[in-house]
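A.B. asks: First the structure, then my questions, so here it is.
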Amino acid sequence: FRDKVFANAQTGNIVLLSQSLVERKWSTVIHYLIPLGFFAMGIVVAEGIRQKYKNVQRIHWRQLVLLMEMLLLLVVGFLPTACDLLANAMVSFACAMQVNSFRKFRGIPCATTMCIGNLRSGTQNIYTFFQTKKREALEKGLLYYGIILCFICGAIIGNQCIKYFHERAILI
């Protein structure tokens with residue numbers, strides 16, 4: 001919605017950045033470079049929070065990351081479309097914190113803001129099940145596909161929210 005930038009998965013931005021470099025469209029290069037930079041900074045901040053608060057007893061460091069993500073996304077929901085570059089940068093930052101902090105689900109490694117690795121792992125586990133008949137591989141494969149299904153549902157809901165709430169859809 002906000003100026004055709006991928007805020008969660010940076011592969012698309014890297015491809016579009018590369019295309020802009022080849023075409024020497026320097027303003028477009030910046031357009032994709034900023035979310036990439038903020039994504040990298042989000043990883044650094046999440047890692048810093050983990051290092052600093054990993055031994056704190058009263059609150060888990062991941063809860064601090066979630067709180068920071070929620071605050072960032074709340075602010076994004078109130079930014080006007082004139083601030084799309086900043087909004088995308090902030091979402092990229094929040095997604096990086098999410099990706100770095102939440103790497104497993106029910107004991108299996110997974111990505112929470114993109115699907116390609118989950119699709120690979122799910123398919124590999126389903127294949128392994130058909131080769132070995134190990135129920136654990138089937139369960140893992142189905143769990144990965146369940147995560148992807150949740151991602152699809154979220155994307156559908158998000159798309160519908162955009163139709164009605166525009167830049168405020170992120171608040172939903």
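Ordering of the structure tokens sets the chain letters (A, B, ...), residue numbers begin anew at 1 in every chain, and ligands are numbered from 1 in the order given.
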Enumerate the residues of stretch 90-122 of chain A with a DSSP assignment of strand (DSSP E), computed from the backbone, and present them as a list in words.
C.D. replies: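 Result set for stretch 90-122 of chain A (strand (DSSP E)): Lys104, Phe105, Ile108 and Pro109 of chain A.
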A.B. asks: Find the residues around A:Asn159 up to 10 Å (only C-alpha atoms counted), leave out those fewer than 6 positions away in its own chain, and share them as a PyMOL selection string.
C.D. replies: chain A and resi 1+153+165-166+169
A.B. asks: For the residues in that selection, give me N, CA, C and O atoms as a PDB file, in the first residue's frame.
C.D. replies:
ATOM      1  N   PHE A   1       0.821  -1.195   0.000  1.00  0.00           N
ATOM      2  CA  PHE A   1       0.000   0.000   0.000  1.00  0.00           C
ATOM      3  C   PHE A   1       0.864   1.257   0.000  1.00  0.00           C
ATOM      4  O   PHE A   1       0.559   2.225  -0.650  1.00  0.00           O
ATOM      5  N   CYS A 153      -3.818 -16.111   5.296  1.00  0.00           N
ATOM      6  CA  CYS A 153      -5.015 -15.510   5.914  1.00  0.00           C
ATOM      7  C   CYS A 153      -4.732 -14.080   6.366  1.00  0.00           C
ATOM      8  O   CYS A 153      -5.550 -13.182   6.152  1.00  0.00           O
ATOM      9  N   PHE A 165      -9.507   0.914   5.388  1.00  0.00           N
ATOM     10  CA  PHE A 165      -8.824   1.772   6.356  1.00  0.00           C
ATOM     11  C   PHE A 165      -7.561   2.438   5.813  1.00  0.00           C
ATOM     12  O   PHE A 165      -6.931   3.216   6.516  1.00  0.00           O
ATOM     13  N   HIS A 166      -7.165   2.095   4.599  1.00  0.00           N
ATOM     14  CA  HIS A 166      -6.012   2.685   3.927  1.00  0.00           C
ATOM     15  C   HIS A 166      -4.762   2.561   4.796  1.00  0.00           C
ATOM     16  O   HIS A 166      -4.469   1.471   5.274  1.00  0.00           O
ATOM     17  N   ALA A 169      -4.779   0.689   8.189  1.00  0.00           N
ATOM     18  CA  ALA A 169      -5.028  -0.756   8.225  1.00  0.00           C
ATOM     19  C   ALA A 169      -4.048  -1.477   9.154  1.00  0.00           C
ATOM     20  O   ALA A 169      -4.400  -2.477   9.774  1.00  0.00           O
TER      21      ALA A 169
END
A.B. asks: Between A:Ala87, A:Met97, A:Leu138, A:Ile172, single out the one closest to A:Gln124, counting only C-alpha atoms.
C.D. replies: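 Among A:Ala87, A:Met97, A:Leu138, A:Ile172, it is A:Leu138 that comes nearest to A:Gln124.
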A.B. asks: When distances are computed from only C-alpha atoms, which of A:Leu36, A:Val22, A:Leu67, A:Val15 shows the smallest separation from A:Ala96?
C.D. replies: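 Using only C-alpha atoms, the shortest distance to A:Ala96 belongs to A:Leu36.
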A.B. asks: Would you mind listing what lies within 12 Å of A:Ile34 as JSON, numbers by chain, with only C-alpha atoms counted and same-chain residues fewer than 6 positions away left out?
C.D. replies: {"A": [5, 6, 7, 10, 13, 14, 17, 27, 28, 40, 41, 84, 85, 86, 87, 88, 89, 90, 91, 92, 93]}
A.B. asks: Produce a file of the selected residues containing all heavy atoms, as a compact mmCIF listing (two decimals), in the first residue's frame.
C.D. replies:
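The new file selection35.txt reads:
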# COMPACT_ATOMS: atom_id res chain seq x y z
N VAL A 5 6.77 -0.90 -1.77
CA VAL A 5 8.00 -1.38 -1.13
C VAL A 5 7.64 -2.60 -0.30
O VAL A 5 6.61 -2.64 0.36
CB VAL A 5 8.62 -0.28 -0.22
CG1 VAL A 5 9.76 -0.83 0.61
CG2 VAL A 5 9.10 0.89 -1.06
N PHE A 6 8.50 -3.62 -0.34
CA PHE A 6 8.33 -4.78 0.52
C PHE A 6 8.92 -4.44 1.87
O PHE A 6 10.12 -4.22 1.99
CB PHE A 6 9.06 -6.00 -0.05
CG PHE A 6 8.51 -6.48 -1.36
CD1 PHE A 6 9.11 -6.11 -2.55
CD2 PHE A 6 7.39 -7.29 -1.40
CE1 PHE A 6 8.60 -6.55 -3.76
CE2 PHE A 6 6.88 -7.73 -2.60
CZ PHE A 6 7.49 -7.36 -3.79
N ALA A 7 8.10 -4.39 2.89
CA ALA A 7 8.60 -3.98 4.20
C ALA A 7 9.03 -5.17 5.05
O ALA A 7 9.82 -5.01 5.96
CB ALA A 7 7.53 -3.17 4.94
N GLN A 10 12.95 -8.74 2.46
CA GLN A 10 13.80 -7.79 1.76
C GLN A 10 14.31 -8.27 0.41
O GLN A 10 14.89 -7.51 -0.35
CB GLN A 10 14.98 -7.39 2.66
CG GLN A 10 14.54 -6.71 3.94
CD GLN A 10 13.75 -5.44 3.70
OE1 GLN A 10 14.10 -4.61 2.88
NE2 GLN A 10 12.64 -5.30 4.42
N ASN A 13 13.02 -6.13 -2.34
CA ASN A 13 13.68 -4.83 -2.37
C ASN A 13 15.08 -4.93 -2.97
O ASN A 13 15.51 -4.02 -3.68
CB ASN A 13 13.76 -4.24 -0.96
CG ASN A 13 12.41 -3.76 -0.48
OD1 ASN A 13 11.55 -3.43 -1.27
ND2 ASN A 13 12.24 -3.73 0.82
N ILE A 14 15.78 -6.01 -2.69
CA ILE A 14 17.12 -6.18 -3.26
C ILE A 14 17.04 -6.33 -4.77
O ILE A 14 17.84 -5.74 -5.51
CB ILE A 14 17.84 -7.38 -2.60
CG1 ILE A 14 18.16 -7.03 -1.14
CG2 ILE A 14 19.11 -7.76 -3.36
CD1 ILE A 14 18.66 -8.19 -0.30
N LEU A 17 16.09 -2.89 -6.08
CA LEU A 17 17.27 -2.04 -5.93
C LEU A 17 18.28 -2.31 -7.04
O LEU A 17 18.80 -1.39 -7.67
CB LEU A 17 17.92 -2.27 -4.56
CG LEU A 17 19.29 -1.65 -4.34
CD1 LEU A 17 19.15 -0.14 -4.13
CD2 LEU A 17 19.97 -2.28 -3.14
N SER A 27 17.17 7.96 -7.47
CA SER A 27 16.17 8.22 -6.44
C SER A 27 15.43 6.93 -6.07
O SER A 27 15.05 6.73 -4.92
CB SER A 27 15.18 9.29 -6.90
OG SER A 27 14.45 8.84 -8.02
N THR A 28 15.27 6.05 -7.03
CA THR A 28 14.63 4.76 -6.76
C THR A 28 15.57 3.86 -5.97
O THR A 28 15.12 3.07 -5.13
CB THR A 28 14.20 4.09 -8.08
OG1 THR A 28 13.45 5.03 -8.85
CG2 THR A 28 13.34 2.88 -7.83
N ALA A 40 18.37 -3.93 8.54
CA ALA A 40 19.64 -4.29 9.19
C ALA A 40 19.73 -3.69 10.59
O ALA A 40 20.16 -4.36 11.54
CB ALA A 40 20.81 -3.82 8.32
N MET A 41 19.31 -2.44 10.73
CA MET A 41 19.34 -1.81 12.06
C MET A 41 18.39 -2.51 13.03
O MET A 41 18.69 -2.63 14.22
CB MET A 41 18.98 -0.32 11.95
CG MET A 41 20.09 0.51 11.36
SD MET A 41 19.80 2.31 11.48
CE MET A 41 18.36 2.53 10.47
N ASP A 84 5.44 7.89 3.43
CA ASP A 84 5.51 6.47 3.11
C ASP A 84 6.90 5.89 3.27
O ASP A 84 7.06 4.76 3.75
CB ASP A 84 5.02 6.21 1.69
CG ASP A 84 3.50 6.22 1.59
OD1 ASP A 84 2.83 6.28 2.64
OD2 ASP A 84 3.00 6.18 0.45
N LEU A 85 7.93 6.62 2.88
CA LEU A 85 9.29 6.10 3.00
C LEU A 85 9.63 5.84 4.47
O LEU A 85 10.19 4.79 4.81
CB LEU A 85 10.30 7.07 2.37
CG LEU A 85 11.73 6.56 2.23
CD1 LEU A 85 11.79 5.27 1.44
CD2 LEU A 85 12.60 7.63 1.59
N LEU A 86 9.29 6.76 5.34
CA LEU A 86 9.51 6.58 6.77
C LEU A 86 8.67 5.42 7.30
O LEU A 86 9.16 4.59 8.08
CB LEU A 86 9.18 7.86 7.54
CG LEU A 86 9.28 7.78 9.06
CD1 LEU A 86 10.69 7.42 9.50
CD2 LEU A 86 8.82 9.09 9.69
N ALA A 87 7.42 5.33 6.88
CA ALA A 87 6.54 4.24 7.32
C ALA A 87 7.12 2.89 6.92
O ALA A 87 7.18 1.96 7.73
CB ALA A 87 5.14 4.41 6.74
N ASN A 88 7.57 2.77 5.68
CA ASN A 88 8.16 1.52 5.21
C ASN A 88 9.44 1.19 5.97
O ASN A 88 9.69 0.03 6.31
CB ASN A 88 8.45 1.58 3.72
CG ASN A 88 7.18 1.50 2.90
OD1 ASN A 88 6.23 0.82 3.28
ND2 ASN A 88 7.14 2.20 1.80
N ALA A 89 10.23 2.20 6.25
CA ALA A 89 11.46 1.98 7.01
C ALA A 89 11.15 1.47 8.41
O ALA A 89 11.79 0.53 8.91
CB ALA A 89 12.27 3.28 7.07
N MET A 90 10.13 2.05 9.04
CA MET A 90 9.76 1.63 10.39
C MET A 90 9.20 0.21 10.41
O MET A 90 9.49 -0.58 11.31
CB MET A 90 8.76 2.62 10.99
CG MET A 90 9.39 3.97 11.30
SD MET A 90 8.18 5.21 11.80
CE MET A 90 7.72 4.60 13.42
N VAL A 91 8.41 -0.13 9.39
CA VAL A 91 7.88 -1.49 9.30
C VAL A 91 9.02 -2.48 9.04
O VAL A 91 9.06 -3.56 9.62
CB VAL A 91 6.77 -1.60 8.23
CG1 VAL A 91 6.37 -3.05 7.99
CG2 VAL A 91 5.56 -0.77 8.64
N SER A 92 9.95 -2.11 8.19
CA SER A 92 11.12 -2.97 7.94
C SER A 92 11.90 -3.20 9.22
O SER A 92 12.34 -4.32 9.51
CB SER A 92 12.04 -2.34 6.88
OG SER A 92 11.41 -2.33 5.63
N PHE A 93 12.07 -2.16 9.99
CA PHE A 93 12.78 -2.24 11.28
C PHE A 93 12.05 -3.21 12.21
O PHE A 93 12.66 -4.11 12.81
CB PHE A 93 12.84 -0.83 11.89
CG PHE A 93 13.68 -0.72 13.12
CD1 PHE A 93 15.01 -0.36 13.03
CD2 PHE A 93 13.13 -0.94 14.38
CE1 PHE A 93 15.79 -0.24 14.18
CE2 PHE A 93 13.89 -0.82 15.52
CZ PHE A 93 15.23 -0.47 15.43
A.B. asks: Rounded to one decimal, what separation in Å do you get between atom CA of A:Tyr127 and atom CA of A:Tyr145?
C.D. replies: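 Atom-to-atom, atom CA of A:Tyr127 to atom CA of A:Tyr145, that is 13.0 Å.
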A.B. asks: Looking at only C-alpha atoms, which of A:Lys134, A:Tyr144, A:Arg50, A:Cys95 is the one that sits closest to A:Asn118?
C.D. replies: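 Nearest to A:Asn118: A:Tyr144.
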A.B. asks: Select, from A:Gln57, A:Thr81, A:Gln98, A:Thr128, the residue with the minimum atom-to-atom distance to A:Met114, counting only C-alpha atoms.
C.D. replies: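 So, comparing all the options, the nearest one is A:Gln98.
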A.B. asks: Ranking A:Ala94, A:Leu143, A:Lys104, A:Leu171 by minimum distance to A:Val44 and counting only C-alpha atoms, which one comes first?
C.D. replies: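 Closest to A:Val44 of all the choices is A:Ala94.
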A.B. asks: Using only C-alpha atoms, which residue out of A:Gln63, A:Phe102, A:Pro80, A:Ile116 lies closest to A:Ile43?
C.D. replies: A:Phe102
